[in-house]
Amino acid sequence: MELSKLKNIFPIKNDRTGQVVAAKINVYDTLPDPYYTFISGEAYQAIEEYLAFRSAHGEVISGETWVLRDKFLTTADDKGGSTAGGSSSSLATHPKKLSVSGVKQILSRALRAQNIRQRPLA
């Protein structure tokens with residue numbers, strides 16, 4: 001399964017106000033018969049804010065940008081992954097696609113932390 005790139009998200013706007021009310025996502029753009037799903041206008045706005053955050057930290061955003069990416073350093077003193085050799089692998093400027101298993105792990109941790117689910121997702 002592939003996670004979506006930005007080029008596969010299509011905002012749906014209110015004709016009268018121009019406000020984004022939803023978005024259509026082509027989930028599997030490599031299949032002959034595309035699979036579409038929809039998100040709310042609020043979810044689309046959250047994606048836009050997340051992309052603005054990534055851009056503010058140096059990532060170049062384009063249609064080929066993965067919507068979900070790996071965790072990256074946001075400050076010079078962040079301890080989140082820089083190696084002693086000065087590796088830039090976890091910098092915003094070097095994005096890596098977040099895997100499906102990574103998304104599952106994040107959701108499982110959040111569900112357990114909020115005491116919604118104690119067992120891992122299947």
# chains A, B, ... in the order shown; residues from 1 in each chain; ligands from 1

$ closest_atom_pairs --of "range 16-84 of chain A" --to "range 104-115 of chain A" --cutoff "12 Å" --atoms "only C-alpha atoms" --output "tab-separated table"
residue	atom	partner	partner_atom	distance
A:Leu68	CA	A:Ile106	CA	11.6
A:Asp70	CA	A:Ile106	CA	11.2
A:Lys71	CA	A:Ile106	CA	11.2

$ atom_distance --atom1 "CA of Ile116 in chain A" --atom2 "CA of Ile25 in chain A"
27.6 Å

$ select_by_dssp --residues "chain A" --states "strand (DSSP E or B)" --output "PDB file with N, CA, C and O atoms, in the first residue's frame"
ATOM      1  N   LYS A   5       0.755  11.191  -2.115  1.00  0.00           N
ATOM      2  CA  LYS A   5       1.560  12.378  -2.359  1.00  0.00           C
ATOM      3  C   LYS A   5       0.606  13.568  -2.440  1.00  0.00           C
ATOM      4  O   LYS A   5      -0.591  13.410  -2.688  1.00  0.00           O
ATOM      5  N   ILE A   9      -4.196  14.962  -3.736  1.00  0.00           N
ATOM      6  CA  ILE A   9      -5.235  15.546  -2.887  1.00  0.00           C
ATOM      7  C   ILE A   9      -5.858  16.714  -3.642  1.00  0.00           C
ATOM      8  O   ILE A   9      -5.162  17.638  -4.056  1.00  0.00           O
ATOM      9  N   PHE A  10      -7.179  16.640  -3.796  1.00  0.00           N
ATOM     10  CA  PHE A  10      -7.887  17.640  -4.581  1.00  0.00           C
ATOM     11  C   PHE A  10      -8.916  18.355  -3.692  1.00  0.00           C
ATOM     12  O   PHE A  10      -9.916  17.747  -3.317  1.00  0.00           O
ATOM     13  N   PRO A  11      -8.679  19.631  -3.360  1.00  0.00           N
ATOM     14  CA  PRO A  11      -9.648  20.340  -2.517  1.00  0.00           C
ATOM     15  C   PRO A  11     -10.971  20.540  -3.252  1.00  0.00           C
ATOM     16  O   PRO A  11     -11.003  20.727  -4.462  1.00  0.00           O
ATOM     17  N   ILE A  12     -12.052  20.462  -2.488  1.00  0.00           N
ATOM     18  CA  ILE A  12     -13.400  20.708  -3.012  1.00  0.00           C
ATOM     19  C   ILE A  12     -13.889  21.991  -2.350  1.00  0.00           C
ATOM     20  O   ILE A  12     -13.974  22.062  -1.126  1.00  0.00           O
ATOM     21  N   LYS A  13     -14.187  22.993  -3.170  1.00  0.00           N
ATOM     22  CA  LYS A  13     -14.547  24.303  -2.635  1.00  0.00           C
ATOM     23  C   LYS A  13     -16.033  24.596  -2.803  1.00  0.00           C
ATOM     24  O   LYS A  13     -16.665  24.150  -3.755  1.00  0.00           O
ATOM     25  N   VAL A  20     -12.699  25.817   1.249  1.00  0.00           N
ATOM     26  CA  VAL A  20     -12.530  24.377   1.097  1.00  0.00           C
ATOM     27  C   VAL A  20     -13.446  23.682   2.100  1.00  0.00           C
ATOM     28  O   VAL A  20     -13.360  23.927   3.302  1.00  0.00           O
ATOM     29  N   VAL A  21     -14.345  22.842   1.595  1.00  0.00           N
ATOM     30  CA  VAL A  21     -15.307  22.144   2.460  1.00  0.00           C
ATOM     31  C   VAL A  21     -14.980  20.659   2.596  1.00  0.00           C
ATOM     32  O   VAL A  21     -15.490  19.985   3.493  1.00  0.00           O
ATOM     33  N   ALA A  22     -14.121  20.141   1.728  1.00  0.00           N
ATOM     34  CA  ALA A  22     -13.714  18.736   1.753  1.00  0.00           C
ATOM     35  C   ALA A  22     -12.537  18.591   0.788  1.00  0.00           C
ATOM     36  O   ALA A  22     -12.139  19.556   0.135  1.00  0.00           O
ATOM     37  N   ALA A  23     -12.019  17.383   0.707  1.00  0.00           N
ATOM     38  CA  ALA A  23     -10.987  17.090  -0.282  1.00  0.00           C
ATOM     39  C   ALA A  23     -11.118  15.639  -0.707  1.00  0.00           C
ATOM     40  O   ALA A  23     -11.521  14.777   0.074  1.00  0.00           O
ATOM     41  N   LYS A  24     -10.821  15.393  -1.976  1.00  0.00           N
ATOM     42  CA  LYS A  24     -10.836  14.050  -2.539  1.00  0.00           C
ATOM     43  C   LYS A  24      -9.387  13.586  -2.637  1.00  0.00           C
ATOM     44  O   LYS A  24      -8.510  14.340  -3.068  1.00  0.00           O
ATOM     45  N   ILE A  25      -9.122  12.353  -2.193  1.00  0.00           N
ATOM     46  CA  ILE A  25      -7.760  11.817  -2.220  1.00  0.00           C
ATOM     47  C   ILE A  25      -7.729  10.563  -3.087  1.00  0.00           C
ATOM     48  O   ILE A  25      -8.513   9.641  -2.875  1.00  0.00           O
ATOM     49  N   ASN A  26      -6.827  10.555  -4.052  1.00  0.00           N
ATOM     50  CA  ASN A  26      -6.558   9.362  -4.843  1.00  0.00           C
ATOM     51  C   ASN A  26      -5.552   8.544  -4.040  1.00  0.00           C
ATOM     52  O   ASN A  26      -4.380   8.864  -3.981  1.00  0.00           O
ATOM     53  N   TYR A  36     -10.611   6.320  -4.538  1.00  0.00           N
ATOM     54  CA  TYR A  36     -10.741   7.643  -3.940  1.00  0.00           C
ATOM     55  C   TYR A  36     -11.391   7.558  -2.573  1.00  0.00           C
ATOM     56  O   TYR A  36     -12.243   6.706  -2.326  1.00  0.00           O
ATOM     57  N   THR A  37     -10.993   8.446  -1.705  1.00  0.00           N
ATOM     58  CA  THR A  37     -11.650   8.639  -0.429  1.00  0.00           C
ATOM     59  C   THR A  37     -11.763  10.135  -0.201  1.00  0.00           C
ATOM     60  O   THR A  37     -11.184  10.927  -0.950  1.00  0.00           O
ATOM     61  N   PHE A  38     -12.490  10.528   0.814  1.00  0.00           N
ATOM     62  CA  PHE A  38     -12.726  11.943   1.066  1.00  0.00           C
ATOM     63  C   PHE A  38     -12.384  12.283   2.513  1.00  0.00           C
ATOM     64  O   PHE A  38     -12.488  11.438   3.399  1.00  0.00           O
ATOM     65  N   ILE A  39     -11.953  13.526   2.717  1.00  0.00           N
ATOM     66  CA  ILE A  39     -11.702  14.040   4.056  1.00  0.00           C
ATOM     67  C   ILE A  39     -12.467  15.354   4.212  1.00  0.00           C
ATOM     68  O   ILE A  39     -12.826  16.000   3.223  1.00  0.00           O
ATOM     69  N   SER A  40     -12.687  15.739   5.445  1.00  0.00           N
ATOM     70  CA  SER A  40     -13.413  16.982   5.724  1.00  0.00           C
ATOM     71  C   SER A  40     -12.545  18.202   5.420  1.00  0.00           C
ATOM     72  O   SER A  40     -11.322  18.099   5.265  1.00  0.00           O
ATOM     73  N   TRP A  66       5.449  13.673  -0.094  1.00  0.00           N
ATOM     74  CA  TRP A  66       4.623  12.723   0.636  1.00  0.00           C
ATOM     75  C   TRP A  66       3.840  13.479   1.690  1.00  0.00           C
ATOM     76  O   TRP A  66       4.374  14.351   2.380  1.00  0.00           O
ATOM     77  N   ARG A  69       5.432  12.028   6.510  1.00  0.00           N
ATOM     78  CA  ARG A  69       6.869  11.811   6.430  1.00  0.00           C
ATOM     79  C   ARG A  69       7.427  11.437   7.786  1.00  0.00           C
ATOM     80  O   ARG A  69       6.716  11.458   8.782  1.00  0.00           O
ATOM     81  N   LEU A  73      14.177  16.878  12.846  1.00  0.00           N
ATOM     82  CA  LEU A  73      14.648  17.864  13.816  1.00  0.00           C
ATOM     83  C   LEU A  73      13.995  19.214  13.539  1.00  0.00           C
ATOM     84  O   LEU A  73      13.896  19.637  12.394  1.00  0.00           O
ATOM     85  N   LEU A  91      16.769  15.686   9.095  1.00  0.00           N
ATOM     86  CA  LEU A  91      16.484  17.101   8.923  1.00  0.00           C
ATOM     87  C   LEU A  91      15.259  17.273   8.034  1.00  0.00           C
ATOM     88  O   LEU A  91      14.942  16.409   7.216  1.00  0.00           O
ATOM     89  N   LYS A  97       9.582   9.140   3.250  1.00  0.00           N
ATOM     90  CA  LYS A  97       8.172   8.751   3.315  1.00  0.00           C
ATOM     91  C   LYS A  97       7.932   7.945   4.583  1.00  0.00           C
ATOM     92  O   LYS A  97       8.705   7.059   4.925  1.00  0.00           O
TER      93      LYS A  97
END
